[in-house]
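Accompanying notes for the structure given below.
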Amino acid sequence: MTDQLNLPGGTMSRRGLLGLGLSTTVGLALAGCGASTSSGSGSRKGDDLGQLVYAFSWVYDVTQAGPYMADTKGYYKKVGFSSVKFIPGGPSAVSVLTQLANGTAQFGVSSPTEIVAANKNGASFRVIGAMYQETPACIVSLQSRPIKKPADLKGKTIAVADADKPAMEAFLAVNGLKSSDMKIVPFQYDPAPLVAGQVDGIMDYSTNSPISLKNAGHDPAVMMFGDFKYTTITQTYVASTDQISENRAMLKAALRADIMGWRANIADPREGASLAVNKYGKSLKYSLENQLACNKAEIALIRTADTEKNGILTVTEALQKETVETLGLTGARTTVGELFDMSLLAEIYEEHPELKALS
């Protein structure tokens with residue numbers, strides 16, 4: 001979601017990997033197979049919740065700054081866990097939904113698209129909270145020839161990865177456009193063709209190419225999908241309906257610790273970025289400049305007028321409905337009731353209203 005990951009034969013962003021992994025995610029989630037990365041839920045002593053086994057959707061970068069802060073500041077222990085074990089995601093990782101289904105993780109973050117796909121194949125997962133209140137999807141161009149609104153796409157050459165074409169088609173449709181209004185070419189998650197003038201724009205994340213371009217001395221223009229009728233959450237906390245009914249105390253405790261962690265990260269994004277660079281993701285050799293910029297871009301998606309009012313991770317009824325409508329345009333059809341359960345967060349903020357305030 002931030003830096004590209006070096007892989008044998010080239011680089012790929014997190015988005016591309018999620019898109020390529022969708023079909024296998026569903027099968028694995030239902031079959032309950034795949035390599036285990038944990039021994040399970042951990043031991044329990046007395047009233048202790050035991051170890052929290054937490055599956056991340058991506059590698060140890062700043063995407064998980066909230067949990068890093070929660071761990072470092074002792075918030076998981078404060079809410080009743082004896083310890084926390086993080087399981088990183090990435091290109092070779094077992095999907096979060098699979099880990100939740102087979103019991104190798106208790107808690108994790110996935111995406112609405114993956115959840116809808118799994119549920120269509122017999123699973124029963126629900127979004128229980130959302131980090132990003134707006135999709136990071138955007139069209140990135142250069143300020144020397146900016147694309148500022150959907151109409152500006154007409155007649156342009158736009159690079160779009162295959163995995164992102166359904167979202168691009170949906171974005172065009174809600175704005176009265178179609179792919180034939182422009183020339184769409186393949187995108188390999190590398191902004192070099194944009195800099196070279198080979199394309200007029202690229203479809204990417206606001207937390208990815210714009211930051212890379214700025215770090216390289218370029219001046220990007222960013223047109224956010226969320227500013228033009230394409231409304232959806234992402235980076236969503238997920239649980240099965242069985243978990244919600246049977247392990248409610250554990251889920252509420254884990255969410256509460258992460259809420260405290262995200263509040264701390266918002267208050268001090270440099271500390272969150274530093275934890276990604278110097279501790280949790282140290283082996284990945286990120287730069288602090290890059291991770292801090294990515295963190296600030298992510299905070300802009302987390303901290304909105306709605307979450308300022310209702311609390312971090314909450315999703316309003318209106319946004320739930322709009323998300324379902326947007327997902328339907330991409331072919332991921334569901335209903336609000338089939339996708340969301342906001343009752344855990346409602347209880348947390350009723351019991352701990354002090355957590356709503358953001359510094």
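If you're wondering about the labels, chains in the structure tokens are A, B, ... by order shown, residues count from 1 in each chain, ligands from 1 in order shown.
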As an MDAnalysis selection string, please: every residue in range 44-199 of chain A that a backbone DSSP assignment puts in alpha helix (DSSP H).
chainID A and resid 65:72 75:78 96:102 112:120 165:174 192:195
All residues 10 Å or closer to Asp181 in chain A, only C-alpha atoms, same chain fewer than 5 positions away omitted, as a list in words
Ala151, Leu153, Lys154, Gly155, Lys156, Thr157 and Leu172 of chain A
DSSP strand (DSSP E) selection over range 40-206 of chain A, as a ChimeraX atom specification
/A:50-55,81-87,107-110,125-132,137-142,157-160,183-186,201-205
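Our summary of the geometry notes that CA of Asp268 in chain A is positioned 25.2 Å from CA of Met224 in chain A.
Taking CA of Ile266 in chain A and CA of Ile299 in chain A as endpoints, the distance between them is 6.6 Å.
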Quick one: everything within 12 Å of Ser206 in chain A, counting only C-alpha atoms, minus sequence neighbours fewer than 5 positions away in the same chain. Send it as number ranges by chain.
A: 1-3, 15, 132, 134-141, 211-214, 220-226, 293-301
Those same residues - N, CA, C and O atoms - I'd like them written as a tab-separated table (two decimals), in the first residue's frame.
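In the end it all went to part10.tsv:
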chain	number	residue	atom	x	y	z
A	1	MET	N	0.83	-1.20	0.00
A	1	MET	CA	0.00	0.00	0.00
A	1	MET	C	0.86	1.24	0.00
A	1	MET	O	0.43	2.33	-0.26
A	2	THR	N	2.12	1.00	0.29
A	2	THR	CA	3.02	2.14	0.28
A	2	THR	C	4.10	1.85	-0.75
A	2	THR	O	3.89	1.97	-1.93
A	3	ASP	N	5.29	1.46	-0.30
A	3	ASP	CA	6.35	1.14	-1.23
A	3	ASP	C	5.98	-0.06	-2.09
A	3	ASP	O	5.22	-0.92	-1.69
A	15	ARG	N	-1.76	-3.56	-4.20
A	15	ARG	CA	-3.02	-3.64	-4.92
A	15	ARG	C	-3.02	-4.75	-5.94
A	15	ARG	O	-3.94	-5.53	-6.06
A	132	TYR	N	-9.73	2.92	6.34
A	132	TYR	CA	-9.85	3.96	5.31
A	132	TYR	C	-11.32	4.24	5.03
A	132	TYR	O	-12.06	3.37	4.56
A	134	GLU	N	-12.26	6.30	2.84
A	134	GLU	CA	-12.30	6.62	1.40
A	134	GLU	C	-11.28	5.74	0.71
A	134	GLU	O	-10.21	5.46	1.25
A	135	THR	N	-11.59	5.29	-0.49
A	135	THR	CA	-10.62	4.50	-1.23
A	135	THR	C	-9.41	5.34	-1.60
A	135	THR	O	-9.54	6.51	-1.97
A	136	PRO	N	-8.20	4.77	-1.52
A	136	PRO	CA	-7.01	5.49	-1.98
A	136	PRO	C	-6.90	5.55	-3.49
A	136	PRO	O	-5.98	6.19	-4.02
A	137	ALA	N	-7.81	4.85	-4.21
A	137	ALA	CA	-7.73	4.82	-5.68
A	137	ALA	C	-7.80	6.22	-6.26
A	137	ALA	O	-8.59	7.06	-5.82
A	138	CYS	N	-6.97	6.47	-7.26
A	138	CYS	CA	-6.91	7.80	-7.85
A	138	CYS	C	-6.28	7.73	-9.24
A	138	CYS	O	-5.71	6.71	-9.63
A	139	ILE	N	-6.40	8.80	-9.97
A	139	ILE	CA	-5.66	8.99	-11.21
A	139	ILE	C	-4.53	9.96	-10.91
A	139	ILE	O	-4.75	11.06	-10.42
A	140	VAL	N	-3.33	9.51	-11.19
A	140	VAL	CA	-2.14	10.33	-10.95
A	140	VAL	C	-1.63	10.86	-12.29
A	140	VAL	O	-1.43	10.08	-13.23
A	141	SER	N	-1.45	12.15	-12.36
A	141	SER	CA	-0.87	12.78	-13.54
A	141	SER	C	0.21	13.73	-13.05
A	141	SER	O	0.59	13.70	-11.88
A	211	ILE	N	3.59	9.66	-3.82
A	211	ILE	CA	4.68	9.82	-2.87
A	211	ILE	C	6.01	9.50	-3.53
A	211	ILE	O	7.01	10.22	-3.36
A	212	SER	N	6.05	8.42	-4.31
A	212	SER	CA	7.27	8.07	-5.02
A	212	SER	C	7.69	9.18	-5.98
A	212	SER	O	8.88	9.51	-6.09
A	213	LEU	N	6.71	9.75	-6.67
A	213	LEU	CA	7.01	10.83	-7.61
A	213	LEU	C	7.56	12.06	-6.90
A	213	LEU	O	8.53	12.68	-7.35
A	214	LYS	N	6.93	12.42	-5.78
A	214	LYS	CA	7.41	13.58	-5.02
A	214	LYS	C	8.82	13.34	-4.52
A	214	LYS	O	9.67	14.24	-4.58
A	220	PRO	N	3.31	15.69	-8.77
A	220	PRO	CA	2.13	14.96	-9.23
A	220	PRO	C	0.83	15.70	-8.98
A	220	PRO	O	0.71	16.50	-8.04
A	221	ALA	N	-0.15	15.44	-9.81
A	221	ALA	CA	-1.53	15.88	-9.61
A	221	ALA	C	-2.34	14.63	-9.31
A	221	ALA	O	-2.17	13.60	-9.97
A	222	VAL	N	-3.21	14.70	-8.32
A	222	VAL	CA	-3.95	13.52	-7.87
A	222	VAL	C	-5.44	13.79	-7.94
A	222	VAL	O	-5.94	14.74	-7.34
A	223	MET	N	-6.17	12.96	-8.68
A	223	MET	CA	-7.62	13.04	-8.73
A	223	MET	C	-8.18	11.82	-7.99
A	223	MET	O	-8.14	10.69	-8.48
A	224	MET	N	-8.69	12.05	-6.79
A	224	MET	CA	-9.19	10.96	-5.96
A	224	MET	C	-10.53	10.46	-6.48
A	224	MET	O	-11.44	11.25	-6.77
A	225	PHE	N	-10.69	9.14	-6.57
A	225	PHE	CA	-11.97	8.56	-6.98
A	225	PHE	C	-13.08	8.99	-6.02
A	225	PHE	O	-14.21	9.24	-6.43
A	226	GLY	N	-12.74	9.05	-4.73
A	226	GLY	CA	-13.74	9.38	-3.73
A	226	GLY	C	-14.32	10.77	-3.87
A	226	GLY	O	-15.38	11.05	-3.31
A	293	ALA	N	5.66	9.96	4.87
A	293	ALA	CA	4.75	10.51	3.86
A	293	ALA	C	3.56	9.59	3.63
A	293	ALA	O	2.42	10.04	3.51
A	294	CYS	N	3.83	8.28	3.59
A	294	CYS	CA	2.75	7.31	3.43
A	294	CYS	C	1.80	7.35	4.63
A	294	CYS	O	0.58	7.26	4.47
A	295	ASN	N	2.37	7.46	5.81
A	295	ASN	CA	1.56	7.50	7.03
A	295	ASN	C	0.62	8.70	7.00
A	295	ASN	O	-0.57	8.60	7.32
A	296	LYS	N	1.14	9.85	6.64
A	296	LYS	CA	0.31	11.06	6.58
A	296	LYS	C	-0.79	10.91	5.53
A	296	LYS	O	-1.93	11.36	5.75
A	297	ALA	N	-0.48	10.28	4.40
A	297	ALA	CA	-1.50	10.06	3.37
A	297	ALA	C	-2.58	9.11	3.87
A	297	ALA	O	-3.77	9.29	3.57
A	298	GLU	N	-2.19	8.10	4.64
A	298	GLU	CA	-3.17	7.16	5.20
A	298	GLU	C	-4.02	7.81	6.27
A	298	GLU	O	-5.23	7.56	6.36
A	299	ILE	N	-3.40	8.63	7.10
A	299	ILE	CA	-4.16	9.31	8.15
A	299	ILE	C	-5.26	10.18	7.54
A	299	ILE	O	-6.36	10.28	8.09
A	300	ALA	N	-4.99	10.76	6.38
A	300	ALA	CA	-6.01	11.57	5.70
A	300	ALA	C	-7.22	10.74	5.31
A	300	ALA	O	-8.34	11.26	5.18
A	301	LEU	N	-7.02	9.42	5.12
A	301	LEU	CA	-8.12	8.52	4.77
A	301	LEU	C	-8.81	7.96	6.02
A	301	LEU	O	-9.94	7.50	5.95
Sorted by chain and rising residue number, which residues of range 225-261 of chain A lie within 9 Å of range 75-78 of chain A, and what are their closest atom pairs and distances in Å to one decimal, counting only C-alpha atoms, as a tab-separated table?
residue	atom	partner	partner_atom	distance
A:Ala253	CA	A:Tyr76	CA	7.8
A:Ala254	CA	A:Tyr76	CA	7.0
A:Arg256	CA	A:Tyr75	CA	8.5
A:Ala257	CA	A:Tyr75	CA	5.2
A:Asp258	CA	A:Tyr75	CA	7.9
A:Met260	CA	A:Tyr75	CA	7.1
A:Gly261	CA	A:Tyr75	CA	7.3
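A straight line drawn from CA of Thr314 in chain A to CA of Val94 in chain A is 27.0 Å long.
Taking only C-alpha atoms into account, Val62 in chain A lies nearest to A:Leu275 out of the set A:Leu319, A:Met131, A:Met342, A:Leu275.
Take the candidates A:Gly331, A:Lys252, A:Ala305, A:Asn215 and check each one against Leu288 in chain A using only C-alpha atoms; the shortest distance goes to A:Asn215.
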